[in-house]
Amino acid sequence: MEKLQQSVENFVALEGIITDGSHQLFHKVVAGMHELCFSILEAEKRGRSRSSIEETIQPARDIHSRSVFVRRLQEWPRKYPGDFETIEYICDLENRSVYGTVEYYIEEYALNSAIAQQHRNKLHHQSELLLDTLLINGNSKKILSVGCGGCRDILRIEKYIHDISCEIVINDIDNDALELSAKRLAILKGLQMVPGNIIQALRRVEQYGPFDLIVTGGLFDHMSDKHVSFFLKHTFNRLLRKEGTLFFANAIEGNPFRVWMEYLTDWKLFYRSEEALAGLLDSAGFAPGAANIRKDETGLTFLVKVKGTQSGG
């Protein structure tokens with residue numbers, strides 16, 4: 001029997017296993033998830049088509065879909081991947097599936113995996129950068145948060161900045177995300193909201209600039225090179241102060257979770273290398289050496305901090 005088919009049958013058979021404790025089932029489920037991913041990669045190497053692989057693994061996908069969290073990743077209830085409620089779910093780290101079931105341990109693994117942790121890491125690093133920027137010199141600062149979601153990064157530092165004179169502009173494609181952020185940050189003065197896809201909203205955002213700090217989280221994970229390049233060029237020329245800072249993150253090529261994310265859920269990302277990111281920044285006009293590119297603590301995403309200095313060319 002083909003390895004992939006056998007792996008799927010082994011995973012489905014987990015539901016009939018009786019164990020002495022929940023930890024045993026957790027490890028059996030995680031082992032089954034890894035076996036599935038290994039077999040999918042082997043099938044890809046042998047030239048199996050994506051549609052053929054998806055058809056074979058459907059019974060395993062069906063079990064995954066019983067996880068409340070994974071079902072979000074499969075169905076996109078807000079019509080786009082990585083929506084703000086999904087990020088809220090990741091940040092809350094609350095398993096909402098039925099305890100003791102296979103799907104519970106699928107969700108437990110997913111929420112505690114490195115690929116979920118890197119989302120939390122990005123927000124943590126943005127919080128630190130926001131706080132540092134707002135506390136420097138005591139001058140009134142202008143901040144732009146693109147794809148802000150529920151503004152967890154700003155919320156984390158709210159008690160330190162609520163009496164600081166600043167203007168914070170938040171943007172998101174989802175009006176519900178902006179409403180949540182406005183409610184959470186009601187104590188802050190100078191909060192402005194600009195709804196819409198950032199590429200289409202750039203002119204409206206520009207009216208509030210130029211900005212001392214622009215943060216975009218993992219927005220580039222979901223943007224093609226063409227759109228990233230357009231955003232970077234507009235940022236360099238029109239949005240960012242010469243002395244300002246742009247911060248963004250991007251998933252790294254070779255992500256070991258890719259196969260699980262793409263086949264067992266439906267979360268596809270644009271992965272990039274350090275060289276590719278440097279090339280995009282260079283073509284946008286940023287000076288060589290203006291960017292500090294490093295990996296987050298999981299090693300799965302690049303954290304990029306760019307100074308808005310003018311290039312010599």
# chains A, B, ... in the order shown; residues from 1 in each chain; ligands from 1
>>> select_by_dssp(residues="segment 126-308 of chain A", states="alpha helix (DSSP H)", output="PyMOL selection string")
chain A and resi 126-135+152-161+175-184+198-206+225-234+258-259+274-284
>>> residues_around(residues="segment 178-194 of chain A", least_positions_apart="5", cutoff="8 Å", atoms="only C-alpha atoms", output="PyMOL selection string")
chain A and resi 148-151+155+158+161-163+165-172+201+204-205
>>> write_last_selection(atoms="N, CA and C atoms", output="PDB file, in the first residue's frame")
ATOM      1  N   CYS A 148      -3.377  46.123  11.406  1.00  0.00           N
ATOM      2  CA  CYS A 148      -3.233  46.187  12.872  1.00  0.00           C
ATOM      3  C   CYS A 148      -3.958  45.078  13.611  1.00  0.00           C
ATOM      4  N   GLY A 149      -4.998  44.484  12.994  1.00  0.00           N
ATOM      5  CA  GLY A 149      -5.776  43.473  13.705  1.00  0.00           C
ATOM      6  C   GLY A 149      -6.387  44.061  14.959  1.00  0.00           C
ATOM      7  N   GLY A 150      -6.255  43.339  16.068  1.00  0.00           N
ATOM      8  CA  GLY A 150      -6.798  43.805  17.338  1.00  0.00           C
ATOM      9  C   GLY A 150      -5.843  44.658  18.144  1.00  0.00           C
ATOM     10  N   CYS A 151      -4.731  45.078  17.546  1.00  0.00           N
ATOM     11  CA  CYS A 151      -3.741  45.965  18.193  1.00  0.00           C
ATOM     12  C   CYS A 151      -3.234  45.406  19.511  1.00  0.00           C
ATOM     13  N   LEU A 155      -1.892  47.473  22.789  1.00  0.00           N
ATOM     14  CA  LEU A 155      -2.605  47.211  24.039  1.00  0.00           C
ATOM     15  C   LEU A 155      -1.640  46.806  25.152  1.00  0.00           C
ATOM     16  N   GLU A 158      -0.186  49.983  26.572  1.00  0.00           N
ATOM     17  CA  GLU A 158      -1.131  51.098  26.733  1.00  0.00           C
ATOM     18  C   GLU A 158      -0.921  51.861  28.043  1.00  0.00           C
ATOM     19  N   ILE A 161       1.800  54.507  27.805  1.00  0.00           N
ATOM     20  CA  ILE A 161       1.770  55.561  26.781  1.00  0.00           C
ATOM     21  C   ILE A 161       0.483  56.380  26.773  1.00  0.00           C
ATOM     22  N   HIS A 162      -0.454  56.083  27.674  1.00  0.00           N
ATOM     23  CA  HIS A 162      -1.765  56.729  27.585  1.00  0.00           C
ATOM     24  C   HIS A 162      -1.706  58.240  27.790  1.00  0.00           C
ATOM     25  N   ASP A 163      -0.653  58.732  28.463  1.00  0.00           N
ATOM     26  CA  ASP A 163      -0.564  60.181  28.669  1.00  0.00           C
ATOM     27  C   ASP A 163       0.533  60.824  27.827  1.00  0.00           C
ATOM     28  N   SER A 165       1.923  62.428  24.391  1.00  0.00           N
ATOM     29  CA  SER A 165       1.396  63.121  23.221  1.00  0.00           C
ATOM     30  C   SER A 165       1.892  62.418  21.962  1.00  0.00           C
ATOM     31  N   CYS A 166       0.970  61.821  21.216  1.00  0.00           N
ATOM     32  CA  CYS A 166       1.347  61.101  20.003  1.00  0.00           C
ATOM     33  C   CYS A 166       0.109  60.934  19.127  1.00  0.00           C
ATOM     34  N   GLU A 167       0.367  60.576  17.884  1.00  0.00           N
ATOM     35  CA  GLU A 167      -0.717  60.276  16.966  1.00  0.00           C
ATOM     36  C   GLU A 167      -0.487  58.871  16.426  1.00  0.00           C
ATOM     37  N   ILE A 168      -1.435  57.990  16.640  1.00  0.00           N
ATOM     38  CA  ILE A 168      -1.322  56.606  16.190  1.00  0.00           C
ATOM     39  C   ILE A 168      -2.405  56.342  15.149  1.00  0.00           C
ATOM     40  N   VAL A 169      -1.979  55.995  13.958  1.00  0.00           N
ATOM     41  CA  VAL A 169      -2.899  55.676  12.864  1.00  0.00           C
ATOM     42  C   VAL A 169      -2.907  54.169  12.687  1.00  0.00           C
ATOM     43  N   ILE A 170      -4.091  53.574  12.738  1.00  0.00           N
ATOM     44  CA  ILE A 170      -4.203  52.129  12.569  1.00  0.00           C
ATOM     45  C   ILE A 170      -4.993  51.823  11.303  1.00  0.00           C
ATOM     46  N   ASN A 171      -4.539  50.821  10.603  1.00  0.00           N
ATOM     47  CA  ASN A 171      -5.171  50.415   9.342  1.00  0.00           C
ATOM     48  C   ASN A 171      -5.422  48.922   9.358  1.00  0.00           C
ATOM     49  N   ASP A 172      -6.566  48.514   8.830  1.00  0.00           N
ATOM     50  CA  ASP A 172      -6.845  47.093   8.637  1.00  0.00           C
ATOM     51  C   ASP A 172      -7.902  46.946   7.549  1.00  0.00           C
ATOM     52  N   ALA A 201      -5.424  52.081   0.239  1.00  0.00           N
ATOM     53  CA  ALA A 201      -5.629  53.132   1.241  1.00  0.00           C
ATOM     54  C   ALA A 201      -4.400  54.015   1.439  1.00  0.00           C
ATOM     55  N   ARG A 204      -4.878  57.830   1.539  1.00  0.00           N
ATOM     56  CA  ARG A 204      -5.564  58.316   2.752  1.00  0.00           C
ATOM     57  C   ARG A 204      -4.617  58.275   3.949  1.00  0.00           C
ATOM     58  N   VAL A 205      -3.818  57.225   4.034  1.00  0.00           N
ATOM     59  CA  VAL A 205      -2.853  57.111   5.127  1.00  0.00           C
ATOM     60  C   VAL A 205      -1.825  58.230   5.047  1.00  0.00           C
TER      61      VAL A 205
END
>>> residues_around(residues="Tyr89 of chain A", least_positions_apart="6", cutoff="12 Å", atoms="only C-alpha atoms", output="list in words")
Val68, Phe69, Val70, Arg72, Leu73, Gly82, Asp83, Asn95, Arg96, Glu107, Ala110, Leu111, Asn112, Ala116, Gln117, His119, Arg120, Gly149, Gly150 and Arg152 of chain A
>>> residues_around(residues="Ser273 of chain A", least_positions_apart="3", cutoff="7 Å", atoms="only C-alpha atoms", output="ChimeraX atom specification")
/A:252-253,276-277
>>> write_last_selection(atoms="C-alpha atoms", output="CSV table (one decimal), in the first residue's frame")
chain,number,residue,atom,x,y,z
A,252,ILE,CA,11.5,32.3,6.0
A,253,GLU,CA,12.0,29.9,3.2
A,276,ALA,CA,15.1,38.6,-1.5
A,277,LEU,CA,14.1,41.0,1.3
>>> closest_residue(among="A:Lys142, A:His27, A:Arg294, A:Glu108", to="Glu94 of chain A", atoms="only C-alpha atoms")
A:Glu108
>>> select_by_dssp(residues="segment 1-144 of chain A", states="strand (DSSP E)", output="list in words")
Lys141, Lys142, Ile143 and Leu144 of chain A
>>> write_last_selection(atoms="N, CA and C atoms", output="mmCIF file, in the first residue's frame")
data_model
loop_
_atom_site.group_PDB
_atom_site.id
_atom_site.type_symbol
_atom_site.label_atom_id
_atom_site.label_comp_id
_atom_site.auth_asym_id
_atom_site.auth_seq_id
_atom_site.Cartn_x
_atom_site.Cartn_y
_atom_site.Cartn_z
ATOM 1 N N LYS A 141 5.123 61.957 18.607
ATOM 2 C CA LYS A 141 5.484 61.043 17.535
ATOM 3 C C LYS A 141 4.254 60.643 16.734
ATOM 4 N N LYS A 142 4.517 60.262 15.492
ATOM 5 C CA LYS A 142 3.467 59.731 14.632
ATOM 6 C C LYS A 142 3.792 58.275 14.316
ATOM 7 N N ILE A 143 2.805 57.410 14.607
ATOM 8 C CA ILE A 143 2.967 55.967 14.434
ATOM 9 C C ILE A 143 1.919 55.474 13.448
ATOM 10 N N LEU A 144 2.314 54.544 12.583
ATOM 11 C CA LEU A 144 1.373 53.885 11.673
ATOM 12 C C LEU A 144 1.461 52.383 11.877
#
>>> residues_around(residues="Ile106 of chain A", least_positions_apart="4", cutoff="8 Å", atoms="only C-alpha atoms", output="MDAnalysis selection string")
chainID A and resid 29:30 64 67 102 110
>>> write_last_selection(atoms="C-alpha atoms", output="PDB file, in the first residue's frame")
ATOM      1  CA  VAL A  29      -1.658  12.342  17.610  1.00  0.00           C
ATOM      2  CA  VAL A  30       1.446  14.488  17.178  1.00  0.00           C
ATOM      3  CA  HIS A  64      -8.521  18.167  11.614  1.00  0.00           C
ATOM      4  CA  SER A  67     -10.645  21.319  15.805  1.00  0.00           C
ATOM      5  CA  VAL A 102      -8.003  13.602  18.680  1.00  0.00           C
ATOM      6  CA  ALA A 110      -1.021  23.733  16.673  1.00  0.00           C
TER       7      ALA A 110
END
>>> residues_around(residues="Thr101 of chain A", least_positions_apart="6", cutoff="12 Å", atoms="only C-alpha atoms", output="list in words")
Leu14, Glu15, Gly16, Ile17, Ile18, Thr19, Gly21, Ser22, His23, Gln24, Leu25, Phe26, Lys28, Val29, Ile63, His64, Arg66, Ser67, Asn95, Glu107 and Glu108 of chain A
>>> closest_atom_pairs(of="segment 54-124 of chain A", to="segment 218-232 of chain A", cutoff="10 Å", atoms="only C-alpha atoms", output="JSON lines")
{"residue": "A:Tyr80", "atom": "CA", "partner": "A:His222", "partner_atom": "CA", "distance": 9.7}
{"residue": "A:Pro81", "atom": "CA", "partner": "A:His222", "partner_atom": "CA", "distance": 8.2}
{"residue": "A:Gly82", "atom": "CA", "partner": "A:His222", "partner_atom": "CA", "distance": 8.5}
{"residue": "A:Gln118", "atom": "CA", "partner": "A:Gly218", "partner_atom": "CA", "distance": 9.8}
{"residue": "A:His119", "atom": "CA", "partner": "A:Gly218", "partner_atom": "CA", "distance": 7.8}
{"residue": "A:Lys122", "atom": "CA", "partner": "A:Gly218", "partner_atom": "CA", "distance": 7.7}
{"residue": "A:Leu123", "atom": "CA", "partner": "A:Gly218", "partner_atom": "CA", "distance": 9.4}
>>> write_last_selection(atoms="N, CA and C atoms", output="CSV table (one decimal), in the first residue's frame")
chain,number,residue,atom,x,y,z
A,80,TYR,N,-10.6,35.8,4.3
A,80,TYR,CA,-9.2,36.0,4.0
A,80,TYR,C,-8.4,35.3,5.1
A,81,PRO,N,-7.2,34.8,4.7
A,81,PRO,CA,-6.4,34.0,5.7
A,81,PRO,C,-5.7,34.9,6.7
A,82,GLY,N,-5.4,34.4,7.9
A,82,GLY,CA,-4.8,35.1,8.9
A,82,GLY,C,-5.6,36.3,9.4
A,118,GLN,N,5.7,32.2,16.7
A,118,GLN,CA,6.3,33.3,15.9
A,118,GLN,C,5.4,34.5,15.7
A,119,HIS,N,4.1,34.2,15.7
A,119,HIS,CA,3.1,35.3,15.6
A,119,HIS,C,3.1,36.1,16.9
A,122,LYS,N,6.3,38.3,17.1
A,122,LYS,CA,6.2,39.5,16.3
A,122,LYS,C,5.6,40.6,17.0
A,123,LEU,N,4.5,40.3,17.7
A,123,LEU,CA,3.7,41.3,18.4
A,123,LEU,C,4.5,41.8,19.6
>>> atom_distance(atom1="atom CA of Ala177 of chain A", atom2="atom CA of Val215 of chain A")
16.2 Å
>>> atom_distance(atom1="atom CA of Gly285 of chain A", atom2="atom CA of Gly244 of chain A")
14.3 Å
>>> atom_distance(atom1="atom CA of Tyr263 of chain A", atom2="atom CA of Leu93 of chain A")
22.7 Å
>>> closest_residue(among="A:Tyr160, A:Asn250, A:Asp282, A:Ala13", to="Leu135 of chain A", atoms="only C-alpha atoms")
A:Tyr160
>>> residues_around(residues="Arg238 of chain A", least_positions_apart="3", cutoff="9 Å", atoms="only C-alpha atoms", output="JSON, numbers by chain")
{"A": [206, 209, 210, 233, 234, 235, 241]}
